[in-house]
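**Q** For reference, this is structure32.txt, and it has compact mmCIF, C-alpha atoms and all ligand atoms.
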```txt
# COMPACT_ATOMS: atom_id res chain seq x y z
CA MET A 1 196.02 81.59 114.25
CA GLY A 2 192.76 79.62 114.71
CA VAL A 3 190.29 78.69 111.92
CA ARG A 4 188.01 81.64 112.77
CA GLU A 5 190.91 84.13 112.67
CA VAL A 6 192.14 82.72 109.31
CA ALA A 7 188.62 83.02 107.86
CA LEU A 8 188.21 86.57 109.11
CA SER A 9 191.64 87.56 107.79
CA ALA A 10 190.74 86.17 104.33
CA ALA A 11 187.33 87.87 104.41
CA SER A 12 188.90 91.24 105.20
CA VAL A 13 190.14 91.43 101.58
CA PHE A 14 186.48 91.83 100.52
CA THR A 15 185.22 93.99 103.37
CA ALA A 16 188.03 96.62 103.55
CA PRO A 17 188.04 99.37 104.74
CA TYR A 18 185.76 97.76 107.38
CA GLN A 19 186.62 94.64 109.36
CA PRO A 20 184.51 91.50 108.74
CA GLN A 21 183.55 91.65 112.42
CA ASP A 22 181.79 94.99 111.71
CA TYR A 23 179.51 93.26 109.20
CA LEU A 24 178.91 90.27 111.50
CA ARG A 25 177.94 92.66 114.29
CA LEU A 26 175.49 94.43 111.95
CA VAL A 27 173.91 91.16 110.78
CA ASN A 28 173.52 90.05 114.41
CA ARG A 29 171.88 93.33 115.38
CA LEU A 30 169.34 92.91 112.55
CA SER A 31 168.66 89.22 113.24
CA SER A 32 166.11 88.71 115.93
CA ALA A 33 163.58 85.91 115.89
CA ARG A 34 161.17 88.13 117.81
CA GLN A 35 161.38 91.59 116.29
CA LEU A 36 162.08 92.83 112.77
CA ARG A 37 164.69 95.59 112.75
CA GLY A 38 166.50 97.88 110.33
CA VAL A 39 169.76 99.80 110.45
CA VAL A 40 169.79 103.48 109.50
CA ARG A 41 171.93 104.12 106.42
CA SER A 42 171.44 107.84 105.94
CA VAL A 43 169.69 110.81 107.51
CA THR A 44 169.05 113.68 105.08
CA PRO A 45 167.63 117.02 106.20
CA GLU A 46 164.67 118.15 104.12
CA CYS A 47 162.88 121.48 104.56
CA SER A 48 162.53 122.90 108.07
CA GLY A 49 161.68 120.31 110.72
CA SER A 50 161.77 117.26 108.41
CA VAL A 51 164.35 114.59 107.65
CA THR A 52 164.48 111.56 105.37
CA ILE A 53 165.78 108.44 107.10
CA THR A 54 166.87 105.58 104.83
CA PHE A 55 167.29 102.16 106.40
CA ARG A 56 168.34 98.63 105.45
CA PRO A 57 165.77 96.18 106.87
CA GLY A 58 166.66 92.74 108.22
CA ARG A 59 165.09 89.40 107.40
CA GLY A 60 161.27 89.36 107.63
CA TRP A 61 160.78 92.58 105.68
CA HIS A 62 159.25 92.42 102.20
CA ALA A 63 159.70 94.96 99.40
CA HIS A 64 157.25 97.85 99.64
CA GLU A 65 154.81 98.98 96.97
CA ALA A 66 154.91 102.70 96.17
CA GLY A 67 152.51 104.46 98.57
CA GLN A 68 152.60 101.90 101.40
CA TYR A 69 153.56 102.66 105.00
CA ALA A 70 155.35 100.81 107.79
CA ARG A 71 155.14 100.91 111.57
CA ILE A 72 158.41 102.14 113.04
CA GLY A 73 159.42 101.63 116.68
CA VAL A 74 161.98 103.65 118.60
CA GLU A 75 162.97 103.54 122.23
CA ILE A 76 162.49 106.81 124.08
CA ASP A 77 163.43 106.91 127.77
CA GLY A 78 163.46 103.12 127.81
CA VAL A 79 159.93 102.73 126.38
CA ARG A 80 159.38 101.48 122.82
CA GLN A 81 157.04 103.83 120.94
CA TRP A 82 155.45 102.92 117.61
CA ARG A 83 154.23 105.23 114.89
CA SER A 84 153.29 104.71 111.22
CA TYR A 85 155.27 106.37 108.41
CA SER A 86 154.72 106.25 104.66
CA LEU A 87 157.69 104.91 102.73
CA SER A 88 158.86 107.80 100.57
CA ALA A 89 161.50 105.90 98.55
CA PRO A 90 160.52 104.43 95.17
CA ALA A 91 159.51 100.78 94.98
CA GLY A 92 162.53 98.55 94.40
CA GLU A 93 164.93 100.64 96.49
CA ASP A 94 165.89 100.57 100.18
CA PRO A 95 162.99 101.94 102.21
CA ALA A 96 163.04 105.50 103.55
CA ILE A 97 160.69 107.54 105.69
CA THR A 98 160.36 111.32 105.66
CA VAL A 99 159.40 112.50 109.11
CA THR A 100 158.11 115.94 110.08
CA ALA A 101 158.57 116.90 113.73
CA VAL A 102 155.12 117.55 115.18
CA GLY A 103 155.12 115.65 118.49
CA ARG A 104 157.07 113.34 120.78
CA VAL A 105 158.13 110.47 118.52
CA SER A 106 158.52 112.43 115.29
CA SER A 107 160.66 115.06 117.05
CA HIS A 108 162.82 112.31 118.52
CA LEU A 109 163.28 110.73 115.08
CA VAL A 110 164.09 114.08 113.47
CA GLN A 111 166.49 115.30 116.15
CA HIS A 112 168.27 112.17 117.33
CA THR A 113 168.44 109.58 114.51
CA LYS A 114 172.01 108.81 113.37
CA VAL A 115 173.56 106.51 110.78
CA GLY A 116 173.97 103.05 112.33
CA ASP A 117 170.98 103.39 114.70
CA ILE A 118 168.59 100.45 114.86
CA LEU A 119 164.88 100.96 114.14
CA PHE A 120 162.21 98.42 115.12
CA LEU A 121 159.95 97.64 112.18
CA ALA A 122 156.74 96.03 111.04
CA PRO A 123 156.55 95.05 107.35
CA PRO A 124 155.06 97.46 104.76
CA GLN A 125 151.28 97.56 104.48
CA GLY A 126 148.46 99.66 103.08
CA ASP A 127 146.33 99.88 99.95
CA PHE A 128 147.10 103.50 99.03
CA VAL A 129 149.02 102.24 95.99
CA LEU A 130 149.24 102.90 92.26
CA PRO A 131 146.53 101.45 89.99
CA THR A 132 147.42 98.18 88.29
CA GLY A 133 147.02 99.54 84.74
CA PRO A 134 148.11 102.88 83.20
CA ARG A 135 145.68 105.73 84.02
CA PRO A 136 145.95 109.53 84.16
CA LEU A 137 146.50 110.47 87.80
CA LEU A 138 145.79 113.47 90.00
CA MET A 139 147.77 113.71 93.25
CA LEU A 140 146.41 116.22 95.75
CA THR A 141 148.61 116.62 98.82
CA ALA A 142 149.36 119.02 101.65
CA GLY A 143 152.26 119.27 104.11
CA SER A 144 153.81 115.93 105.05
CA GLY A 145 150.97 114.21 103.15
CA ILE A 146 153.17 114.29 100.08
CA THR A 147 155.36 111.38 101.32
CA PRO A 148 153.43 108.36 99.94
CA VAL A 149 152.72 110.24 96.71
CA MET A 150 156.44 111.06 96.34
CA SER A 151 157.14 107.33 96.39
CA MET A 152 154.55 106.87 93.62
CA ILE A 153 156.00 109.71 91.51
CA ARG A 154 159.58 108.48 91.99
CA THR A 155 158.49 104.97 90.99
CA LEU A 156 156.32 105.88 88.02
CA VAL A 157 157.60 109.02 86.32
CA PRO A 158 161.22 108.09 85.49
CA ARG A 159 160.28 104.57 84.38
CA ARG A 160 157.03 105.05 82.41
CA PRO A 161 157.07 107.51 79.49
CA ASP A 162 153.32 106.90 79.09
CA ALA A 163 152.58 108.15 82.64
CA ASP A 164 150.36 111.21 83.02
CA VAL A 165 150.56 112.70 86.51
CA VAL A 166 149.33 116.05 87.84
CA LEU A 167 150.52 116.87 91.37
CA ILE A 168 148.90 119.75 93.26
CA HIS A 169 150.80 120.24 96.50
CA SER A 170 149.99 122.74 99.26
CA ALA A 171 152.56 124.02 101.73
CA ARG A 172 152.61 127.09 103.92
CA THR A 173 155.54 128.70 102.07
CA SER A 174 157.97 127.61 99.35
CA GLN A 175 160.57 126.88 102.09
CA ASP A 176 158.12 124.43 103.71
CA ALA A 177 157.45 122.50 100.49
CA LEU A 178 158.94 119.01 100.83
CA PHE A 179 160.91 117.67 97.81
CA ARG A 180 160.42 120.98 95.94
CA ASP A 181 163.76 120.91 94.04
CA GLU A 182 163.48 117.23 93.12
CA LEU A 183 159.93 117.74 91.86
CA ALA A 184 161.02 120.73 89.76
CA ARG A 185 163.82 118.62 88.25
CA LEU A 186 161.53 115.65 87.56
CA ALA A 187 158.93 117.93 85.94
CA ALA A 188 161.62 119.56 83.77
CA GLU A 189 162.95 116.14 82.67
CA HIS A 190 159.62 114.36 82.15
CA GLU A 191 156.65 115.81 80.28
CA SER A 192 154.53 113.18 81.98
CA LEU A 193 154.68 115.10 85.30
CA HIS A 194 152.99 118.46 85.86
CA VAL A 195 153.53 120.06 89.29
CA VAL A 196 151.45 122.87 90.80
CA HIS A 197 152.54 124.31 94.14
CA ARG A 198 150.03 126.21 96.22
CA TYR A 199 151.52 128.31 99.05
CA THR A 200 148.77 128.77 101.59
CA GLY A 201 150.61 131.65 103.34
CA THR A 202 150.06 133.82 100.23
CA ASP A 203 147.58 131.97 97.96
CA GLY A 204 145.17 130.65 100.63
CA ARG A 205 143.96 127.05 100.87
CA ILE A 206 142.50 125.07 98.01
CA ASP A 207 138.74 125.04 98.51
CA LEU A 208 137.35 121.57 97.91
CA THR A 209 133.84 122.36 99.10
CA THR A 210 133.01 123.17 95.45
CA PRO A 211 134.72 122.01 92.22
CA ALA A 212 135.70 125.60 91.21
CA ASP A 213 139.36 125.50 92.39
CA LEU A 214 139.99 122.06 90.89
CA ASP A 215 138.27 122.99 87.61
CA ARG A 216 140.81 125.82 87.34
CA LEU A 217 143.94 123.95 88.55
CA CYS A 218 143.30 120.66 86.74
CA PRO A 219 140.38 121.04 84.29
CA ASP A 220 140.29 117.30 83.40
CA TRP A 221 140.32 116.13 87.06
CA ARG A 222 137.20 114.02 86.50
CA SER A 223 139.07 111.86 83.99
CA ARG A 224 141.88 111.07 86.46
CA LYS A 225 142.28 108.56 89.27
CA ALA A 226 142.85 110.77 92.33
CA TYR A 227 145.08 110.24 95.38
CA VAL A 228 144.69 112.62 98.30
CA CYS A 229 146.82 112.81 101.46
CA GLY A 230 147.07 115.65 103.98
CA PRO A 231 145.17 117.15 106.92
CA ALA A 232 141.82 115.63 107.91
CA GLN A 233 139.81 118.59 106.57
CA LEU A 234 141.32 118.25 103.08
CA LEU A 235 140.48 114.54 103.05
CA ASP A 236 136.95 115.07 104.35
CA ASP A 237 136.24 117.80 101.77
CA ALA A 238 137.72 115.70 98.94
CA THR A 239 135.67 112.66 99.95
CA ALA A 240 132.46 114.73 100.05
CA MET A 241 133.23 116.39 96.71
CA TRP A 242 134.05 113.19 94.84
CA HIS A 243 130.77 111.76 96.20
CA GLU A 244 128.74 114.75 95.12
CA HIS A 245 130.40 115.81 91.87
CA HIS A 246 132.15 112.69 90.55
CA ALA A 247 132.62 108.99 91.39
CA PRO A 248 133.77 107.98 94.90
CA ASP A 249 135.70 104.98 93.56
CA ALA A 250 137.92 107.32 91.49
CA LEU A 251 139.38 108.63 94.77
CA SER A 252 141.88 107.08 97.23
CA VAL A 253 142.71 108.83 100.49
CA GLU A 254 145.44 108.18 103.06
CA ARG A 255 144.88 109.45 106.60
CA PHE A 256 147.78 110.31 108.95
CA GLU A 257 145.43 111.10 111.82
CA THR A 258 141.90 110.14 112.85
CA ALA A 259 139.04 112.60 113.09
CA LEU A 260 137.70 112.25 116.65
CA LEU A 261 134.42 113.64 117.96
CA ALA A 262 134.78 117.13 119.42
CA ASP A 263 132.25 116.09 122.07
CA GLY A 264 134.09 113.22 123.84
CA GLY A 265 132.97 110.99 126.71
CA SER A 266 132.00 112.33 130.12
CA GLY A 267 135.45 111.47 131.52
CA GLY A 268 136.23 109.42 134.60
CA HIS A 269 138.73 107.68 136.82
CA VAL A 270 140.65 104.87 135.12
CA VAL A 271 142.35 102.00 136.94
CA PHE A 272 145.02 100.05 135.00
CA GLU A 273 144.75 96.93 137.12
CA LYS A 274 147.78 94.82 136.17
CA SER A 275 150.08 97.86 136.22
CA ASP A 276 148.66 99.12 139.49
CA LYS A 277 148.32 102.66 138.10
CA GLU A 278 145.43 105.13 137.98
CA ALA A 279 144.54 108.30 136.06
CA ASP A 280 141.71 110.81 135.68
CA GLY A 281 140.43 111.28 132.12
CA ASP A 282 138.68 114.38 130.77
CA GLY A 283 136.55 112.53 128.23
CA SER A 284 138.50 113.54 125.12
CA THR A 285 141.93 112.19 126.11
CA THR A 286 142.19 108.58 124.95
CA LEU A 287 142.72 105.65 127.30
CA LEU A 288 146.02 105.03 125.48
CA GLU A 289 147.30 108.54 126.25
CA LEU A 290 146.02 108.37 129.85
CA GLY A 291 147.83 105.07 130.41
CA GLU A 292 151.07 106.27 128.83
CA ASP A 293 151.03 109.47 130.89
CA ALA A 294 150.50 107.37 134.03
CA GLY A 295 153.54 105.20 133.14
CA VAL A 296 151.63 102.11 131.96
CA LEU A 297 153.22 100.06 129.16
CA MET A 298 150.26 100.35 126.79
CA PRO A 299 150.34 98.19 123.63
CA HIS A 300 149.85 100.31 120.49
CA GLY A 301 150.55 100.62 116.77
CA CYS A 302 148.93 103.14 114.42
CA ARG A 303 147.25 105.18 117.22
CA MET A 304 144.34 105.89 114.88
CA GLY A 305 141.94 102.97 115.12
CA ILE A 306 143.24 100.94 112.19
CA CYS A 307 145.65 98.22 113.33
CA ARG A 308 143.98 96.99 116.56
CA SER A 309 147.38 96.57 118.27
CA CYS A 310 146.08 98.53 121.26
CA LEU A 311 143.27 96.16 122.30
CA VAL A 312 142.89 95.83 126.08
CA PRO A 313 140.09 93.93 127.90
CA LEU A 314 137.55 96.02 129.78
CA ARG A 315 137.14 94.78 133.37
CA ALA A 316 134.42 97.23 134.43
CA GLY A 317 132.82 100.53 133.48
CA GLN A 318 131.87 102.29 130.23
CA VAL A 319 134.04 103.69 127.45
CA LYS A 320 133.14 105.76 124.39
CA ASP A 321 134.49 105.24 120.86
CA LEU A 322 135.63 108.77 119.98
CA ARG A 323 135.08 108.21 116.25
CA THR A 324 131.51 106.96 116.34
CA GLY A 325 130.20 107.78 119.82
CA GLU A 326 129.42 104.08 120.43
CA ILE A 327 129.46 103.07 124.12
CA ARG A 328 131.11 99.77 125.18
CA ALA A 329 130.24 98.46 128.64
CA ASP A 330 130.48 94.64 128.66
CA GLU A 331 133.11 93.05 130.89
CA GLY A 332 135.71 91.33 128.69
CA ASP A 333 135.05 93.62 125.67
CA LEU A 334 138.31 94.30 123.83
CA ILE A 335 138.75 98.07 123.81
CA GLN A 336 140.72 100.00 121.18
CA THR A 337 142.38 102.28 123.67
CA CYS A 338 143.73 104.68 121.00
CA ILE A 339 140.24 105.86 120.04
CA SER A 340 138.31 105.37 123.32
CA ALA A 341 137.79 107.59 126.35
CA PRO A 342 136.25 106.85 129.77
CA CYS A 343 132.60 107.52 130.58
CA GLY A 344 132.65 107.29 134.37
CA PRO A 345 134.91 104.95 136.38
CA VAL A 346 136.72 102.34 134.25
CA HIS A 347 138.89 99.31 135.07
CA LEU A 348 141.20 97.96 132.34
CA ASP A 349 143.07 94.67 132.33
CA VAL A 350 146.51 96.05 131.54
C1 LIG A 401 149.45 105.58 107.43
C2 LIG A 401 150.22 106.72 108.08
C3 LIG A 401 151.30 107.27 107.42
C4 LIG A 401 152.00 108.34 108.00
N1 LIG A 401 153.07 108.87 107.32
C5 LIG A 401 153.75 109.91 107.86
C6 LIG A 401 154.86 110.47 107.15
O1 LIG A 401 155.22 110.04 106.06
N2 LIG A 401 155.51 111.51 107.73
C7 LIG A 401 155.13 112.02 108.96
O2 LIG A 401 155.79 112.96 109.44
N3 LIG A 401 154.08 111.50 109.63
C8 LIG A 401 153.39 110.45 109.12
N4 LIG A 401 152.35 109.90 109.81
C9 LIG A 401 152.02 110.45 111.15
C10 LIG A 401 152.86 109.72 112.21
O3 LIG A 401 152.46 108.38 112.36
C11 LIG A 401 152.70 110.38 113.60
O4 LIG A 401 151.33 110.47 113.91
C12 LIG A 401 153.31 111.75 113.66
O5 LIG A 401 154.71 111.65 113.40
C13 LIG A 401 153.05 112.38 115.04
O6 LIG A 401 153.58 111.51 116.04
P1 LIG A 401 154.23 112.13 117.34
O7 LIG A 401 154.51 111.08 118.34
O8 LIG A 401 155.39 112.97 116.98
O9 LIG A 401 153.11 113.08 117.86
P2 LIG A 401 151.93 112.75 118.92
O10 LIG A 401 152.49 113.29 120.20
O11 LIG A 401 151.56 111.32 118.86
O12 LIG A 401 150.79 113.59 118.29
C14 LIG A 401 150.85 114.98 118.06
C15 LIG A 401 149.64 115.44 117.25
O13 LIG A 401 150.06 115.49 115.87
C16 LIG A 401 149.00 115.08 115.05
N5 LIG A 401 149.60 114.70 113.78
C17 LIG A 401 149.87 113.46 113.31
N6 LIG A 401 150.46 113.52 112.12
C18 LIG A 401 150.57 114.84 111.81
C19 LIG A 401 151.10 115.55 110.72
N7 LIG A 401 151.65 114.91 109.70
N8 LIG A 401 151.05 116.91 110.76
C20 LIG A 401 150.51 117.57 111.80
N9 LIG A 401 149.99 116.94 112.87
C21 LIG A 401 150.01 115.60 112.87
C22 LIG A 401 148.33 114.00 115.82
O14 LIG A 401 146.98 113.84 115.41
C23 LIG A 401 148.41 114.55 117.25
O15 LIG A 401 147.32 115.36 117.51
C24 LIG A 401 151.63 108.84 109.26
C25 LIG A 401 150.54 108.26 109.94
C26 LIG A 401 149.86 107.22 109.35
C27 LIG A 401 148.70 106.60 110.10
S1 LIG A 402 146.89 101.58 117.94
FE1 LIG A 402 146.17 100.87 116.01
S2 LIG A 402 144.03 100.56 116.44
FE2 LIG A 402 144.77 101.43 118.25
```
Can the structure from this file be put into structure tokens for me?
Ligand SMILES: Cc1cc2nc3c(=O)[nH]c(=O)nc-3n(C[C@H](O)[C@H](O)[C@H](O)COP(=O)(O)OP(=O)(O)OC[C@H]3O[C@@H](n4cnc5c(N)ncnc54)[C@H](O)[C@@H]3O)c2cc1C
Ligand code: FES

**A**
Amino acid sequence: MGVREVALSAASVFTAPYQPQDYLRLVNRLSSARQLRGVVRSVTPECSGSVTITFRPGRGWHAHEAGQYARIGVEIDGVRQWRSYSLSAPAGEDPAITVTAVGRVSSHLVQHTKVGDILFLAPPQGDFVLPTGPRPLLMLTAGSGITPVMSMIRTLVPRRPDADVVLIHSARTSQDALFRDELARLAAEHESLHVVHRYTGTDGRIDLTTPADLDRLCPDWRSRKAYVCGPAQLLDDATAMWHEHHAPDALSVERFETALLADGGSGGHVVFEKSDKEADGDGSTTLLELGEDAGVLMPHGCRMGICRSCLVPLRAGQVKDLRTGEIRADEGDLIQTCISAPCGPVHLDV
């Protein structure tokens, strides 16, 4: 028996029922100088169409703060796709994401992720986090927008008897309400948490265009620091209402998607020069989507105009920023392809 075999045989006392080689293989799969990775430790079905995926990250990751998100990469048909997901686990525990199947990548994660799979990762980020000192809180969430707030509740409520949290969560039906049983248990165990569920299928949506609904559901809402996460309309209405009827700095919002102009660019023919591919855009489809559909390896991250991972130099033509309507037309301009559409013929250096 060689030295390596003797060492492995001795180590097996500590690693049974697994072989030491199993652990070495895992460590190797997570160690890459170039790309941070994590191994999936559990996949738990939530309500219909959602799962929670817990993973153990490799070196290069740092502990998340409750409410932060991470970029997650998965390979689909040989192409690495990145999306952002809030970390739903409490601070101090292994990270987890709770994914709802709505499109290509989320459906892949929900349907195909298994224990032992490797996820590509970027470290946690974001400033949708708990206040530094104790304050009464109002959490206003809808659908999958509850995920970052669940991390905050899991972190705060069991550990801080002086917490004071009101959660108002909207879902279509009670069966669609993420974390419903856990929230009911936490609220029963801790007076510091008060949970209101609003089922839009029967109760209708919360109207945030006036304070009337909030005055009824949480009469002291003006004395609370508010966190809102959900569909764009909910966030837009909340932002306008806090501006008009309270103080904007008492509100934090987290967006899962970007509001783009209904009236896009004029559209045009796009040439992806380095990839030798072409596509015709309709003016509201982004350059990122056009490139991906044409088979171009387009760099991307958040897909919503935040991270700037999707920058590509403009070689010729005009593009429109679909958030602001601004036109970019200078050769060499770095274009955020995830929020830009062609206005006439465009050449991109990708
Ligand atoms: C900071 C941040 C945190 C996020 N956290 C979560 C999370 O915890 N859980 C989660 O499931 N998703 C989360 N998302 C959304 C996620 O990144 C993807 O956008 C989503 O999974 C759709 O990707 P897809 O490839 O499946 O669909 P695509 O094919 O890329 O898009 C399908 C359509 O779905 C829209 N969409 C995006 N998110 C949602 C949603 N939640 N509900 C309905 N429509 C949506 C997109 O605008 C697009 O029009 C988060 C996004 C951001 C930016
Ligand atoms: S992908 Fe993040 S800004 Fe475009």

**Q** Might I get the box with edges along x, y and z of the file that holds all atoms of ligand LIG 401 (chain A) listed there, padded by 6 Å on every side, given as centre and edge lengths in Å to one decimal, as AutoDock Vina command-line options?

**A**
```
--center_x 151.4 --center_y 111.6 --center_z 113.1 --size_x 20.8 --size_y 24.0 --size_z 26.1
```

**Q** Quick one: residues within 9 Å of ligand LIG 402 (chain A), with only C-alpha atoms and all ligand atoms, as a list of chain:residue names?

**A**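 Going residue by residue within 9 Å of ligand LIG 402 (chain A), we get A:Trp82, A:Arg83, A:Leu288, A:Pro299, A:His300, A:Gly301, A:Cys302, A:Arg303, A:Met304, A:Gly305, A:Ile306, A:Cys307, A:Arg308, A:Ser309, A:Cys310, A:Leu311, A:Ile335, A:Gln336, A:Thr337, A:Cys338, A:Ile339.
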
**Q** Hey, which bits of chain A sit within 8 Å of ligand LIG 401 (chain A), and for each residue what's the closest pair of atoms and how far apart in Å (one decimal), counting all atoms listed in the file, rows by chain and increasing number, as JSON lines?

**A**
```
{"residue": "A:Ser50", "atom": "CA", "partner": "A:LIG401", "partner_atom": "O2", "distance": 7.4}
{"residue": "A:Gln68", "atom": "CA", "partner": "A:LIG401", "partner_atom": "C1", "distance": 7.7}
{"residue": "A:Tyr69", "atom": "CA", "partner": "A:LIG401", "partner_atom": "C1", "distance": 5.6}
{"residue": "A:Ala70", "atom": "CA", "partner": "A:LIG401", "partner_atom": "C1", "distance": 7.6}
{"residue": "A:Arg71", "atom": "CA", "partner": "A:LIG401", "partner_atom": "O3", "distance": 8.0}
{"residue": "A:Arg83", "atom": "CA", "partner": "A:LIG401", "partner_atom": "O3", "distance": 4.4}
{"residue": "A:Ser84", "atom": "CA", "partner": "A:LIG401", "partner_atom": "O3", "distance": 3.9}
{"residue": "A:Tyr85", "atom": "CA", "partner": "A:LIG401", "partner_atom": "N1", "distance": 3.5}
{"residue": "A:Ser86", "atom": "CA", "partner": "A:LIG401", "partner_atom": "O1", "distance": 4.1}
{"residue": "A:Leu87", "atom": "CA", "partner": "A:LIG401", "partner_atom": "O1", "distance": 6.6}
{"residue": "A:Ser88", "atom": "CA", "partner": "A:LIG401", "partner_atom": "O1", "distance": 7.0}
{"residue": "A:Ile97", "atom": "CA", "partner": "A:LIG401", "partner_atom": "O1", "distance": 6.0}
{"residue": "A:Thr98", "atom": "CA", "partner": "A:LIG401", "partner_atom": "N2", "distance": 5.3}
{"residue": "A:Val99", "atom": "CA", "partner": "A:LIG401", "partner_atom": "O2", "distance": 3.7}
{"residue": "A:Thr100", "atom": "CA", "partner": "A:LIG401", "partner_atom": "O2", "distance": 3.8}
{"residue": "A:Ala101", "atom": "CA", "partner": "A:LIG401", "partner_atom": "O8", "distance": 6.0}
{"residue": "A:Val102", "atom": "CA", "partner": "A:LIG401", "partner_atom": "O8", "distance": 4.9}
{"residue": "A:Gly103", "atom": "CA", "partner": "A:LIG401", "partner_atom": "O8", "distance": 3.1}
{"residue": "A:Arg104", "atom": "CA", "partner": "A:LIG401", "partner_atom": "O8", "distance": 4.2}
{"residue": "A:Val105", "atom": "CA", "partner": "A:LIG401", "partner_atom": "O7", "distance": 3.7}
{"residue": "A:Ser106", "atom": "CA", "partner": "A:LIG401", "partner_atom": "O8", "distance": 3.6}
{"residue": "A:Ser107", "atom": "CA", "partner": "A:LIG401", "partner_atom": "O8", "distance": 5.7}
{"residue": "A:His108", "atom": "CA", "partner": "A:LIG401", "partner_atom": "O8", "distance": 7.6}
{"residue": "A:Gly126", "atom": "CA", "partner": "A:LIG401", "partner_atom": "C1", "distance": 7.4}
{"residue": "A:Gly143", "atom": "CA", "partner": "A:LIG401", "partner_atom": "N7", "distance": 7.1}
{"residue": "A:Ser144", "atom": "CA", "partner": "A:LIG401", "partner_atom": "N7", "distance": 5.2}
{"residue": "A:Gly145", "atom": "CA", "partner": "A:LIG401", "partner_atom": "N7", "distance": 6.6}
{"residue": "A:Ile146", "atom": "CA", "partner": "A:LIG401", "partner_atom": "O1", "distance": 7.6}
{"residue": "A:Thr147", "atom": "CA", "partner": "A:LIG401", "partner_atom": "O1", "distance": 4.9}
{"residue": "A:Pro148", "atom": "CA", "partner": "A:LIG401", "partner_atom": "O1", "distance": 6.6}
{"residue": "A:Gly230", "atom": "CA", "partner": "A:LIG401", "partner_atom": "N7", "distance": 7.4}
{"residue": "A:Pro231", "atom": "CA", "partner": "A:LIG401", "partner_atom": "N8", "distance": 7.0}
{"residue": "A:Glu254", "atom": "CA", "partner": "A:LIG401", "partner_atom": "C1", "distance": 6.5}
{"residue": "A:Arg255", "atom": "CA", "partner": "A:LIG401", "partner_atom": "C27", "distance": 5.9}
{"residue": "A:Phe256", "atom": "CA", "partner": "A:LIG401", "partner_atom": "C25", "distance": 3.6}
{"residue": "A:Glu257", "atom": "CA", "partner": "A:LIG401", "partner_atom": "O14", "distance": 4.8}
{"residue": "A:Thr258", "atom": "CA", "partner": "A:LIG401", "partner_atom": "O14", "distance": 6.8}
{"residue": "A:Cys302", "atom": "CA", "partner": "A:LIG401", "partner_atom": "C27", "distance": 5.5}
{"residue": "A:Arg303", "atom": "CA", "partner": "A:LIG401", "partner_atom": "C27", "distance": 7.4}
{"residue": "A:Met304", "atom": "CA", "partner": "A:LIG401", "partner_atom": "C27", "distance": 6.5}
```

**Q** If you measure from CA of Arg224 (chain A) to CA of Arg205 (chain A), what distance in Å do you get, rounded to one decimal?

**A** 21.6 Å

**Q** As an exercise, work out the distance from CA of Trp242 (chain A) to CA of Ala212 (chain A) in Å and give it to one decimal place.

**A**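 So the answer is 13.0 Å.
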
**Q** From the options A:Leu348, A:Ile153, A:Leu130, A:Ala142, which residue's atoms come nearest to Ala177 (chain A), counting all atoms listed in the file?

**A** A:Ala142

**Q** Just the residues within 9 Å of Ser48 (chain A), please, counting only C-alpha atoms, with nothing from its chain fewer than 5 positions along; format it as a list in words.

**A** Thr100, Gln175, Asp176 and Leu178 of chain A

**Q** Record the distance separating CA of Ser192 (chain A) and CA of Val165 (chain A), expressed in Å with one decimal.

**A**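 One can read the CA of Ser192 (chain A) to CA of Val165 (chain A) distance as 6.0 Å.
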
**Q** Which residue gives the smallest distance to Pro313 (chain A) among A:Glu289, A:Glu182, A:Glu75, A:Glu273, with all atoms listed in the file counted?

**A**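 Checking each of A:Glu289, A:Glu182, A:Glu75, A:Glu273 against Pro313 (chain A), counting all atoms listed in the file, the winner is A:Glu273.
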
**Q** For a quick check of understanding, using all atoms listed in the file, which of A:Asp282, A:Glu65, A:Glu191, A:Asp333 has the smallest distance to Pro90 (chain A)?

**A**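 Smallest distance to Pro90 (chain A) is found for A:Glu65.
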
**Q** For Thr239 (chain A), which residue among A:Gln125, A:Ser266, A:Thr200, A:Thr209 is the nearest when counting all atoms listed in the file?

**A** A:Thr209

**Q** Could N, CA and C atoms be built for region 58-64 of chain A and written out as a short mmCIF file (atom, residue, chain, number, x, y, z; two decimals), keeping the file's coordinate frame?

**A**
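Below is the file part15.cif, written as the result:
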```cif
data_model
loop_
_atom_site.label_atom_id
_atom_site.label_comp_id
_atom_site.auth_asym_id
_atom_site.auth_seq_id
_atom_site.Cartn_x
_atom_site.Cartn_y
_atom_site.Cartn_z
N GLY A 58 166.18 94.12 108.06
CA GLY A 58 166.66 92.74 108.22
C GLY A 58 165.67 91.74 107.65
N ARG A 59 165.94 90.45 107.93
CA ARG A 59 165.09 89.40 107.40
C ARG A 59 163.67 89.50 107.98
N GLY A 60 162.65 89.24 107.15
CA GLY A 60 161.27 89.36 107.63
C GLY A 60 160.57 90.53 106.96
N TRP A 61 161.35 91.43 106.41
CA TRP A 61 160.78 92.58 105.68
C TRP A 61 160.45 92.11 104.27
N HIS A 62 159.43 92.69 103.61
CA HIS A 62 159.25 92.42 102.20
C HIS A 62 159.23 93.75 101.46
N ALA A 63 159.58 93.72 100.17
CA ALA A 63 159.70 94.96 99.40
C ALA A 63 158.39 95.73 99.45
N HIS A 64 158.47 97.06 99.55
CA HIS A 64 157.25 97.85 99.64
C HIS A 64 156.74 98.21 98.25
#
```
